[in-house]
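Asks: Sharing input-v9.txt (compact mmCIF, C-alpha atoms and all ligand atoms) below.
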```txt
# COMPACT_ATOMS: atom_id res chain seq x y z
CA MET A 1196 109.33 39.99 90.64
CA LYS A 1197 112.20 41.53 88.73
CA SER A 1198 113.18 39.82 85.51
CA ILE A 1199 116.50 40.52 83.85
CA ASP A 1200 116.76 39.86 80.13
CA LEU A 1201 119.88 37.90 79.11
CA THR A 1202 118.49 36.75 75.77
CA GLY A 1203 121.12 38.78 73.94
CA LEU A 1204 123.79 36.34 75.15
CA GLN A 1205 124.58 33.11 73.30
CA VAL A 1206 126.63 31.98 76.31
CA VAL A 1207 125.37 32.85 79.79
CA ALA A 1208 128.24 32.57 82.26
CA LEU A 1209 128.43 32.70 86.06
CA ARG A 1210 129.30 36.40 86.15
CA ASP A 1211 126.23 37.26 84.02
CA VAL A 1212 123.82 35.62 86.49
CA GLU A 1213 125.75 36.97 89.49
CA THR A 1214 125.42 40.48 88.07
CA ALA A 1215 121.70 39.93 87.49
CA ALA A 1216 121.29 38.75 91.10
CA LYS A 1217 123.19 41.82 92.39
CA GLN A 1218 120.83 44.00 90.40
CA GLY A 1219 117.96 42.44 92.37
CA ALA A 1220 116.71 39.98 89.76
CA THR A 1221 114.38 37.22 90.92
CA GLU A 1222 114.15 35.81 87.42
CA VAL A 1223 116.51 35.62 84.46
CA LEU A 1224 115.26 35.33 80.93
CA VAL A 1225 117.61 33.45 78.62
CA CYS A 1226 117.47 32.52 74.97
CA SER A 1227 116.14 28.96 74.58
CA ARG A 1228 118.94 28.35 72.10
CA GLY A 1229 121.71 29.79 74.25
CA ILE A 1230 124.33 27.94 76.28
CA LEU A 1231 124.14 28.15 80.06
CA THR A 1232 127.48 27.24 81.65
CA PRO A 1233 127.36 24.64 84.46
CA SER A 1234 128.43 27.15 87.13
CA ALA A 1235 125.79 29.64 85.96
CA ARG A 1236 123.18 26.88 86.21
CA ASP A 1237 124.43 25.91 89.69
CA PHE A 1238 124.29 29.54 90.82
CA ILE A 1239 120.71 29.90 89.56
CA GLN A 1240 119.70 26.80 91.53
CA ARG A 1241 121.57 27.83 94.69
CA SER A 1242 120.32 31.38 94.75
CA GLY A 1243 116.70 30.42 94.03
CA LEU A 1244 116.52 32.51 90.86
CA THR A 1245 113.84 31.50 88.39
CA LEU A 1246 115.18 30.52 85.00
CA ARG A 1247 112.85 31.30 82.13
CA LYS A 1248 113.64 30.39 78.56
CA GLN A 1249 112.51 32.77 75.89
CA VAL A 1250 110.30 30.96 73.41
CA GLY A 1251 111.00 31.87 69.79
CA GLN A 1252 108.65 33.84 67.60
CA ALA A 1253 106.30 32.05 65.21
CA SER A 1254 108.13 33.60 62.28
CA ALA A 1255 111.35 31.91 63.41
CA CYS A 1256 109.81 28.45 63.12
CA PRO A 1257 110.22 26.16 60.13
CA PRO A 1258 107.21 25.81 57.79
CA THR A 1259 106.20 22.41 59.24
CA CYS A 1260 105.73 23.98 62.65
CA THR A 1261 102.76 26.13 63.54
CA GLY A 1262 104.86 28.42 65.71
CA CYS A 1263 106.96 27.91 68.79
CA THR A 1264 104.35 29.35 71.13
CA ALA A 1265 101.65 27.13 69.69
CA CYS A 1266 103.61 23.89 69.20
CA LYS A 1267 105.95 24.35 72.21
CA THR A 1268 108.81 22.99 70.13
CA GLU A 1269 112.34 23.96 71.01
CA HIS A 1270 114.17 24.10 67.73
CA PRO A 1271 117.83 23.04 67.54
CA ALA A 1272 120.30 25.73 68.41
CA PRO A 1273 121.98 27.48 65.51
CA PRO A 1274 125.77 27.27 65.67
CA ALA A 1275 127.14 29.63 68.32
CA SER A 1276 129.43 32.31 66.94
CA ALA A 1277 133.21 31.82 67.07
CA SER A 1278 133.60 34.49 69.76
CA ASP A 1279 130.89 32.90 71.95
CA LEU A 1280 132.60 29.54 71.70
CA ASP A 1281 135.96 31.09 72.43
CA ARG A 1282 134.50 32.81 75.49
CA LEU A 1283 133.02 29.52 76.70
CA PHE A 1284 136.19 27.51 76.02
CA HIS A 1285 138.34 30.02 77.92
CA SER A 1286 135.91 30.77 80.74
CA PRO A 1287 137.24 30.25 84.29
CA GLU A 1288 135.17 27.11 84.70
CA ALA A 1289 136.35 25.65 81.38
CA GLU A 1290 139.94 26.31 82.48
CA ALA A 1291 139.23 24.52 85.78
CA ILE A 1292 137.81 21.52 83.86
CA LYS A 1293 140.88 21.46 81.60
CA ALA A 1294 143.15 21.41 84.67
CA GLU A 1295 141.08 18.54 86.11
CA ILE A 1296 141.32 16.58 82.83
CA VAL A 1297 145.11 17.05 82.74
CA ASN A 1298 145.35 15.86 86.35
CA VAL A 1299 143.15 12.83 85.70
CA GLY A 1300 145.17 11.99 82.58
CA ARG A 1301 148.33 11.90 84.67
CA LYS A 1302 146.64 9.64 87.26
CA LEU A 1303 145.51 7.24 84.53
CA TRP A 1304 149.05 7.04 83.14
CA GLN A 1305 150.65 6.65 86.56
CA ARG A 1306 148.31 3.77 87.37
CA MET A 1307 149.13 2.17 84.00
CA TYR A 1308 145.54 2.41 82.82
CA VAL A 1309 146.64 4.00 79.51
CA ASP A 1310 149.49 3.08 77.23
CA GLY A 1311 151.03 4.94 74.29
CA ASN A 1312 148.47 7.54 73.30
CA GLY A 1313 145.60 5.35 74.56
CA GLY A 1314 142.62 6.45 76.61
CA ASN A 1315 140.51 9.58 76.41
CA ILE A 1316 138.66 11.94 78.72
CA SER A 1317 135.77 14.34 78.15
CA TYR A 1318 133.46 16.74 79.97
CA ARG A 1319 130.10 18.12 78.81
CA LEU A 1320 130.45 21.88 79.17
CA GLY A 1321 127.11 22.86 77.61
CA PRO A 1322 124.18 21.39 75.65
CA ASP A 1323 126.26 21.33 72.46
CA ALA A 1324 129.82 21.74 73.72
CA VAL A 1325 132.15 19.02 75.03
CA ILE A 1326 135.78 19.39 76.08
CA CYS A 1327 137.90 16.36 75.17
CA THR A 1328 141.43 15.11 74.89
CA PRO A 1329 143.25 15.20 71.55
CA THR A 1330 144.41 12.15 69.63
CA LEU A 1331 148.05 11.02 69.64
CA VAL A 1332 149.04 12.54 72.98
CA SER A 1333 150.12 10.44 75.98
CA LYS A 1334 147.95 11.19 78.99
CA ALA A 1335 151.20 11.73 80.94
CA ASP A 1336 152.16 14.65 78.67
CA LEU A 1337 148.76 16.28 78.33
CA ARG A 1338 148.61 20.09 78.76
CA PRO A 1339 145.49 22.27 79.15
CA GLU A 1340 146.24 23.99 75.84
CA ASP A 1341 146.12 20.61 74.02
CA LEU A 1342 142.42 20.08 74.77
CA CYS A 1343 139.68 20.32 72.16
CA LEU A 1344 136.10 21.57 72.06
CA VAL A 1345 133.60 19.57 69.99
CA ASP A 1346 129.86 19.76 69.40
CA MET A 1347 127.47 16.88 70.14
CA ASN A 1348 128.03 15.47 66.65
CA GLY A 1349 131.77 15.27 67.20
CA ASN A 1350 132.64 18.23 64.97
CA GLN A 1351 135.74 19.97 66.28
CA LEU A 1352 135.00 23.59 67.20
CA LEU A 1353 138.22 24.68 68.89
CA GLY A 1354 141.67 23.40 69.89
CA PRO A 1355 144.97 23.21 68.04
CA LYS A 1356 145.16 19.40 67.94
CA ALA A 1357 142.74 16.91 66.36
CA ARG A 1358 140.17 15.51 68.77
CA THR A 1359 140.28 11.88 69.89
CA SER A 1360 138.56 9.52 67.46
CA GLU A 1361 136.83 7.92 70.48
CA ILE A 1362 134.79 11.05 71.25
CA LEU A 1363 131.83 9.43 69.47
CA LEU A 1364 131.65 6.86 72.29
CA HIS A 1365 131.51 9.64 74.92
CA LEU A 1366 128.90 11.59 72.94
CA GLU A 1367 126.55 8.61 72.70
CA ILE A 1368 126.64 8.39 76.50
CA TYR A 1369 125.93 12.12 76.92
CA LYS A 1370 122.99 11.88 74.50
CA ALA A 1371 121.53 8.85 76.33
CA VAL A 1372 122.17 9.84 79.96
CA PRO A 1373 121.35 13.41 81.04
CA GLU A 1374 123.19 12.93 84.38
CA ALA A 1375 126.44 12.04 82.63
CA LYS A 1376 128.71 15.10 82.69
CA ALA A 1377 132.10 13.41 82.32
CA ALA A 1378 133.46 10.24 80.73
CA VAL A 1379 136.79 8.43 81.02
CA HIS A 1380 137.87 5.65 78.65
CA CYS A 1381 141.01 3.66 79.44
CA HIS A 1382 142.61 0.21 79.25
CA PRO A 1383 143.29 -0.84 82.87
CA PRO A 1384 144.94 -4.28 82.66
CA HIS A 1385 142.89 -6.22 85.23
CA ALA A 1386 139.49 -4.99 84.07
CA THR A 1387 140.59 -5.40 80.45
CA ALA A 1388 141.54 -9.02 81.25
CA TYR A 1389 137.85 -9.58 82.01
CA ALA A 1390 136.92 -7.73 78.81
CA ILE A 1391 139.08 -10.01 76.65
CA THR A 1392 137.62 -13.14 78.20
CA ASP A 1393 133.99 -12.03 77.84
CA ARG A 1394 133.44 -12.10 81.59
CA VAL A 1395 131.98 -9.63 84.01
CA PRO A 1396 133.12 -9.64 87.64
CA PRO A 1397 130.60 -11.00 90.17
CA THR A 1398 128.62 -8.69 92.46
CA CYS A 1399 128.28 -8.75 96.27
CA VAL A 1400 131.97 -9.13 97.09
CA ILE A 1401 133.36 -5.70 98.11
CA PRO A 1402 131.09 -2.87 99.39
CA GLU A 1403 132.97 -0.05 97.66
CA CYS A 1404 132.54 -1.68 94.26
CA GLU A 1405 128.87 -2.41 95.02
CA VAL A 1406 128.13 1.21 95.87
CA PHE A 1407 130.13 3.05 93.22
CA ILE A 1408 129.81 0.60 90.34
CA GLY A 1409 127.60 -2.42 91.11
CA GLN A 1410 126.93 -4.69 88.20
CA VAL A 1411 129.34 -4.12 85.34
CA ALA A 1412 128.03 -4.49 81.79
CA LEU A 1413 129.96 -5.93 78.84
CA ALA A 1414 129.51 -4.28 75.44
CA PRO A 1415 130.28 -6.35 72.31
CA TYR A 1416 133.40 -5.73 70.24
CA GLU A 1417 133.40 -3.24 67.39
CA THR A 1418 136.19 -1.41 65.58
CA PRO A 1419 137.35 1.47 67.83
CA GLY A 1420 136.67 4.99 66.62
CA THR A 1421 133.60 4.06 64.55
CA GLN A 1422 130.01 5.12 65.15
CA LYS A 1423 129.08 1.43 65.39
CA PHE A 1424 131.60 1.07 68.23
CA ALA A 1425 130.17 4.16 69.96
CA GLU A 1426 126.68 2.65 69.89
CA THR A 1427 127.71 -0.68 71.47
CA VAL A 1428 127.32 0.84 74.95
CA LEU A 1429 123.82 2.21 74.40
CA PRO A 1430 121.89 -0.79 75.81
CA PHE A 1431 123.82 -0.45 79.09
CA VAL A 1432 124.68 3.13 79.96
CA LYS A 1433 121.39 4.16 81.53
CA LYS A 1434 121.69 1.52 84.28
CA HIS A 1435 125.49 1.14 84.43
CA ASN A 1436 128.09 3.86 84.98
CA THR A 1437 130.91 1.46 84.07
CA VAL A 1438 130.98 -0.76 80.99
CA LEU A 1439 133.60 -3.28 79.88
CA LEU A 1440 134.32 -2.98 76.14
CA ALA A 1441 135.02 -6.47 74.74
CA ASN A 1442 138.63 -6.92 73.54
CA HIS A 1443 139.38 -3.29 74.32
CA GLY A 1444 139.04 -1.66 77.77
CA ILE A 1445 136.45 0.20 79.83
CA ILE A 1446 134.34 3.37 79.82
CA CYS A 1447 133.02 5.10 82.95
CA TRP A 1448 130.70 8.10 83.23
CA ALA A 1449 130.00 10.33 86.23
CA ASP A 1450 129.11 13.85 87.34
CA THR A 1451 132.77 14.91 87.30
CA VAL A 1452 135.94 13.82 85.50
CA THR A 1453 137.53 12.94 88.85
CA HIS A 1454 134.61 10.68 89.81
CA ALA A 1455 134.67 8.89 86.44
CA GLU A 1456 138.38 8.17 87.04
CA TRP A 1457 137.57 6.89 90.53
CA TYR A 1458 135.22 4.32 89.00
CA ALA A 1459 138.04 3.11 86.73
CA GLU A 1460 140.23 2.73 89.84
CA VAL A 1461 137.50 0.95 91.83
CA LEU A 1462 136.81 -1.49 88.98
CA ASP A 1463 140.43 -2.30 88.15
CA THR A 1464 141.36 -2.82 91.80
CA TYR A 1465 138.29 -5.02 92.22
CA CYS A 1466 139.19 -7.17 89.19
CA TRP A 1467 142.77 -7.41 90.46
CA THR A 1468 141.62 -8.47 93.94
CA LEU A 1469 139.35 -11.16 92.45
CA MET A 1470 142.28 -12.53 90.45
CA LEU A 1471 144.45 -12.65 93.59
CA ALA A 1472 141.67 -14.37 95.52
CA GLN A 1473 141.32 -16.98 92.80
CA GLN A 1474 145.00 -17.85 93.26
CA LEU A 1475 144.34 -18.68 96.91
CA GLY A 1476 142.25 -21.59 95.70
CA ALA A 1477 139.50 -21.07 98.29
CA PRO A 1478 135.99 -19.96 97.34
CA ILE A 1479 135.08 -16.27 97.68
CA SER A 1480 132.60 -15.53 100.45
CA TYR A 1481 129.77 -13.25 99.34
CA ILE A 1482 127.97 -10.39 101.07
CA PRO A 1483 124.57 -11.78 102.18
CA PRO A 1484 121.65 -10.51 100.04
CA GLU A 1485 120.03 -8.58 102.91
CA LYS A 1486 123.28 -6.67 103.47
CA ALA A 1487 123.64 -6.15 99.70
CA SER A 1488 120.18 -4.64 99.78
CA ALA A 1489 121.36 -2.09 102.39
CA LEU A 1490 124.23 -1.12 100.08
CA LEU A 1491 121.77 -0.62 97.21
CA ASP A 1492 119.63 1.63 99.43
CA LEU A 1493 122.71 3.73 100.13
CA LYS A 1494 123.43 3.82 96.41
CA LYS A 1495 119.91 5.01 95.63
CA ARG A 1496 120.34 7.83 98.14
CA LEU A 1497 123.57 8.84 96.40
CA GLY A 1498 121.69 8.94 93.08
CA LEU A 1499 123.93 6.32 91.48
CA PRO A 1500 122.50 4.01 88.78
CA ASP A 1501 122.29 0.24 89.24
CA ALA A 1502 120.56 -2.34 87.10
CA ARG A 1503 119.45 -4.07 90.32
CA HIS A 1504 117.46 -1.20 91.84
CA ASP A 1505 114.16 -2.91 90.97
CA MET A 1506 115.21 -6.47 91.80
CA LYS A 1507 114.15 -8.59 94.75
CA GLU A 1508 116.65 -9.14 97.55
CA CYS A 1509 117.32 -12.74 96.55
CA GLN A 1510 118.21 -11.67 92.99
CA LEU A 1511 120.82 -9.08 93.94
CA CYS A 1512 123.96 -11.22 93.98
CA ASP A 1513 125.46 -13.03 91.00
CA MET A 1514 126.53 -16.63 91.26
CA PRO A 1515 130.30 -17.10 91.78
CA ASP A 1516 132.51 -16.44 88.79
CA MET A 1517 135.25 -18.84 89.87
CA PRO A 1518 137.09 -21.15 87.50
CA GLY A 1519 135.01 -24.30 87.36
CA ALA A 1520 131.89 -22.65 88.76
CA ILE A 1521 128.64 -22.98 86.87
CA ALA A 1522 126.89 -19.63 86.51
CA MET A 1523 123.13 -19.51 86.63
CA ALA A 1524 120.97 -16.41 86.68
CA PRO A 1525 118.73 -16.26 89.77
CA SER A 1526 115.36 -16.84 88.08
CA SER A 1527 113.11 -17.43 91.05
CA CYS A 1528 113.00 -16.15 94.60
CA ALA A 1529 110.38 -18.70 95.61
CA ALA A 1530 112.86 -21.42 96.55
CA LEU A 1531 114.70 -19.07 98.90
CA THR A 1532 111.58 -17.75 100.56
CA GLY A 1533 110.11 -21.24 101.04
CA THR A 1534 107.04 -20.55 98.89
CA ALA A 1535 108.03 -22.62 95.87
CA THR A 1536 105.24 -24.29 93.91
CA SER A 1537 105.83 -27.43 91.85
CA GLU A 1538 106.12 -25.19 88.73
CA ASP A 1539 108.83 -23.14 90.46
CA VAL A 1540 110.75 -26.29 91.34
CA GLU A 1541 110.43 -27.51 87.76
CA ALA A 1542 111.73 -24.14 86.47
CA ILE A 1543 114.69 -24.26 88.87
CA VAL A 1544 115.57 -27.84 87.85
CA LYS A 1545 115.38 -26.84 84.19
CA GLY A 1546 117.57 -23.76 84.86
CA VAL A 1547 120.21 -25.84 86.62
CA THR A 1548 120.14 -28.47 83.85
CA ASP A 1549 120.55 -25.78 81.17
CA ALA A 1550 123.42 -24.13 83.06
CA VAL A 1551 125.21 -27.48 83.52
CA MET A 1552 124.75 -28.40 79.85
CA ALA A 1553 126.02 -24.95 78.78
CA ALA A 1554 129.06 -25.29 81.03
CA LEU A 1555 129.80 -28.77 79.69
CA GLY A 1556 129.48 -27.42 76.14
CA GLN A 1557 132.03 -24.68 76.93
CA ARG A 1558 134.56 -27.20 78.24
CA LYS A 1559 134.62 -29.39 75.14
ZN ZN B 1 140.67 2.54 73.74
```
Can you present the structure in this file as structure tokens?
Ligand SMILES: [Zn+2]
Replies:
Amino acid sequence: MKSIDLTGLQVVALRDVETAAKQGATEVLVCSRGILTPSARDFIQRSGLTLRKQVGQASACPPTCTGCTACKTEHPAPPASASDLDRLFHSPEAEAIKAEIVNVGRKLWQRMYVDGNGGNISYRLGPDAVICTPTLVSKADLRPEDLCLVDMNGNQLLGPKARTSEILLHLEIYKAVPEAKAAVHCHPPHATAYAITDRVPPTCVIPECEVFIGQVALAPYETPGTQKFAETVLPFVKKHNTVLLANHGIICWADTVTHAEWYAEVLDTYCWTLMLAQQLGAPISYIPPEKASALLDLKKRLGLPDARHDMKECQLCDMPDMPGAIAMAPSSCAALTGTATSEDVEAIVKGVTDAVMAALGQRK
């Protein structure tokens, strides 16, 4: 085994690991506090290199710790130097991400998902480095040089313009969901119409929406730009990649900026289609639960989150969300499988009664 020591680098980029591989390395040793760029990480995985993190010396540990080797604690990274950050922010992959963000911004504006200076886009470039859009710039006019670099606490590190105030929302998602690399927040009119009426669209209607989004969550209203607002999505983001923000808009996360924008498109088109269908006056026909289950299997294979992954087949589809319909959560599968006991029947009757009473209460 040949190990190449890269612990002197605060930022380990693709070319550093490529050079190590050319020199015959089978292992690269990096500083546990350093930043590994996404393409460097990908290269390490692809080429089968072993990645070893250097554990700090006991003397480097704070007094409460008995030493990194003994306590196995990874201490928080000290701030990277200005030149390291500059190198990261202007690396070829960061430039490619910036171009992608600019492109996605234009798509959002063209589809009328953002208005004025609304909406924001971000990408997690490293453990403590996120590229994001600036405030007060229309997504139609965005240029790569307008973009900002912030740390995971929202402190601006680089960029000539002030960062979006909504970055706190994106950062909460990155902290909660390791798979989330990119986030897009926008105000698409049809999805936002659901968000201002406290409704979520039903499931089991259109396969594309089932696979890419599935159940949509609804986060309660809070004042935009605040930490309290940012935290409203926390109960949902692990099991939902798309969340409606009450009286505001939507947020989507994904592995790439482009994919996060796709989810916004899929959701808004879905909400729009549901609204058109409602105007036809005929009930929506739903995908049968056994077919919905096949879609969820596909989704699992794609590694996409869904709050229904652990549910039984008969619980997968929501009740219709049509005007006049009475929504009731599927509480028991027994009735559908023909194994209902008298307690099950009693529970179902009680559920229906509660749902009817709640609906009557809403219509007063
Ligand atoms: Zn907004």
Asks: Compute the set of protein, DNA and RNA residues whose minimum atom distance to ligand ZN 1 (chain B) is at most 9 Å, using only C-alpha atoms and all ligand atoms, and state it as a compact mmCIF listing (two decimals) with C-alpha atoms, in the coordinates of the input.
Replies:
```txt
# COMPACT_ATOMS: atom_id res chain seq x y z
CA VAL A 1309 146.64 4.00 79.51
CA GLY A 1313 145.60 5.35 74.56
CA GLY A 1314 142.62 6.45 76.61
CA ASN A 1315 140.51 9.58 76.41
CA GLU A 1361 136.83 7.92 70.48
CA HIS A 1380 137.87 5.65 78.65
CA CYS A 1381 141.01 3.66 79.44
CA HIS A 1382 142.61 0.21 79.25
CA PRO A 1419 137.35 1.47 67.83
CA GLY A 1420 136.67 4.99 66.62
CA LEU A 1440 134.32 -2.98 76.14
CA HIS A 1443 139.38 -3.29 74.32
CA GLY A 1444 139.04 -1.66 77.77
CA ILE A 1445 136.45 0.20 79.83
CA ILE A 1446 134.34 3.37 79.82
```
Asks: Can you list every residue of region 1457-1494 of chain A that has an atom at most 12 Å from region 1290-1300 of chain A, with its nearest atom pair and the distance in Å to one decimal, using only C-alpha atoms, ordered by chain then number, as CSV?
Replies:
```
residue,atom,partner,partner_atom,distance
A:Trp1457,CA,A:Val1299,CA,9.5
A:Ala1459,CA,A:Val1299,CA,11.0
A:Glu1460,CA,A:Val1299,CA,11.3
```
Asks: Now that the selection is made, can you save its residues with C-alpha atoms as a PDB file, in the coordinates of the input?
Replies:
```pdb
ATOM      1  CA  TRP A1457     137.570   6.890  90.530  1.00  0.00           C
ATOM      2  CA  ALA A1459     138.040   3.110  86.730  1.00  0.00           C
ATOM      3  CA  GLU A1460     140.230   2.730  89.840  1.00  0.00           C
TER       4      GLU A1460
END
```
Asks: With a distance cut-off of 12 Å and only C-alpha atoms, select the neighbouring residues of Thr1418 (chain A), excluding the residue or stretch itself and same-chain residues fewer than 6 positions from it, and output the selection as a VMD selection string.
Replies: chain A and resid 1360 to 1361 1364 1424 to 1427 1440 to 1443
Asks: Could you pull the residues within 8 Å of Asp1393 (chain A), counting all atoms listed in the file, minus those fewer than 3 positions along the same chain, as a PyMOL selection string?
Replies: chain A and resi 1389-1390+1413+1441
Asks: Set the distance at 8 Å and use all atoms listed in the file: which residues neighbour region 1402-1406 of chain A once local chain neighbours fewer than 3 positions away are removed? I'd like the list as a count of residues only.
Replies: 13
Asks: To one decimal place, how far is CA of Asp1463 (chain A) from CA of Lys1423 (chain A) in Å?
Replies: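 Spanning CA of Asp1463 (chain A) to CA of Lys1423 (chain A) is a straight-line distance of 25.7 Å.
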Asks: Which value, in Å to one decimal, gives the distance between CA of Ala1377 (chain A) and CA of Ala1489 (chain A)?
Replies: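 Separation of CA of Ala1377 (chain A) and CA of Ala1489 (chain A): 27.5 Å.
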Asks: Each side padded by 8 Å, which centre and which edge lengths in Å (one decimal) define the axis-aligned box around the listed atoms of region 1427-1439 of chain A? Give them as lines of an AutoDock Vina configuration file.
Replies:
```
center_x = 127.5
center_y = 0.4
center_z = 78.2
size_x = 28.2
size_y = 23.4
size_z = 29.5
```
Asks: Given the point (127.7, 1.8, 84.7) in the coordinates of this file, which residues lie within 9 Å, counting all atoms listed in the file, and how would they look as a list of chain:residue names?
Replies: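 Residues with an atom close enough to that point: A:Phe1407, A:Ile1408, A:Gly1409, A:Gln1410, A:Val1411, A:Ala1412, A:Phe1431, A:Val1432, A:Lys1433, A:Lys1434, A:His1435, A:Asn1436, A:Thr1437, A:Val1438, A:Ile1446, A:Cys1447, A:Trp1448, A:Ala1449, A:Leu1499, A:Pro1500, A:Asp1501, A:Ala1502.
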Asks: Compile the contact shell of Ile1230 (chain A) as a list in words: residues with an atom at most 10 Å away, counting all atoms listed in the file, same-chain residues fewer than 2 positions apart removed.
Replies: Leu1204, Gln1205, Val1206, Val1207, Ala1208, Val1225, Cys1226, Ser1227, Arg1228, Thr1232, Pro1233, Ala1235, Ala1272, Ala1275, Asp1279, Leu1280, Leu1283, Leu1320, Gly1321, Pro1322, Asp1323 and Ala1324 of chain A
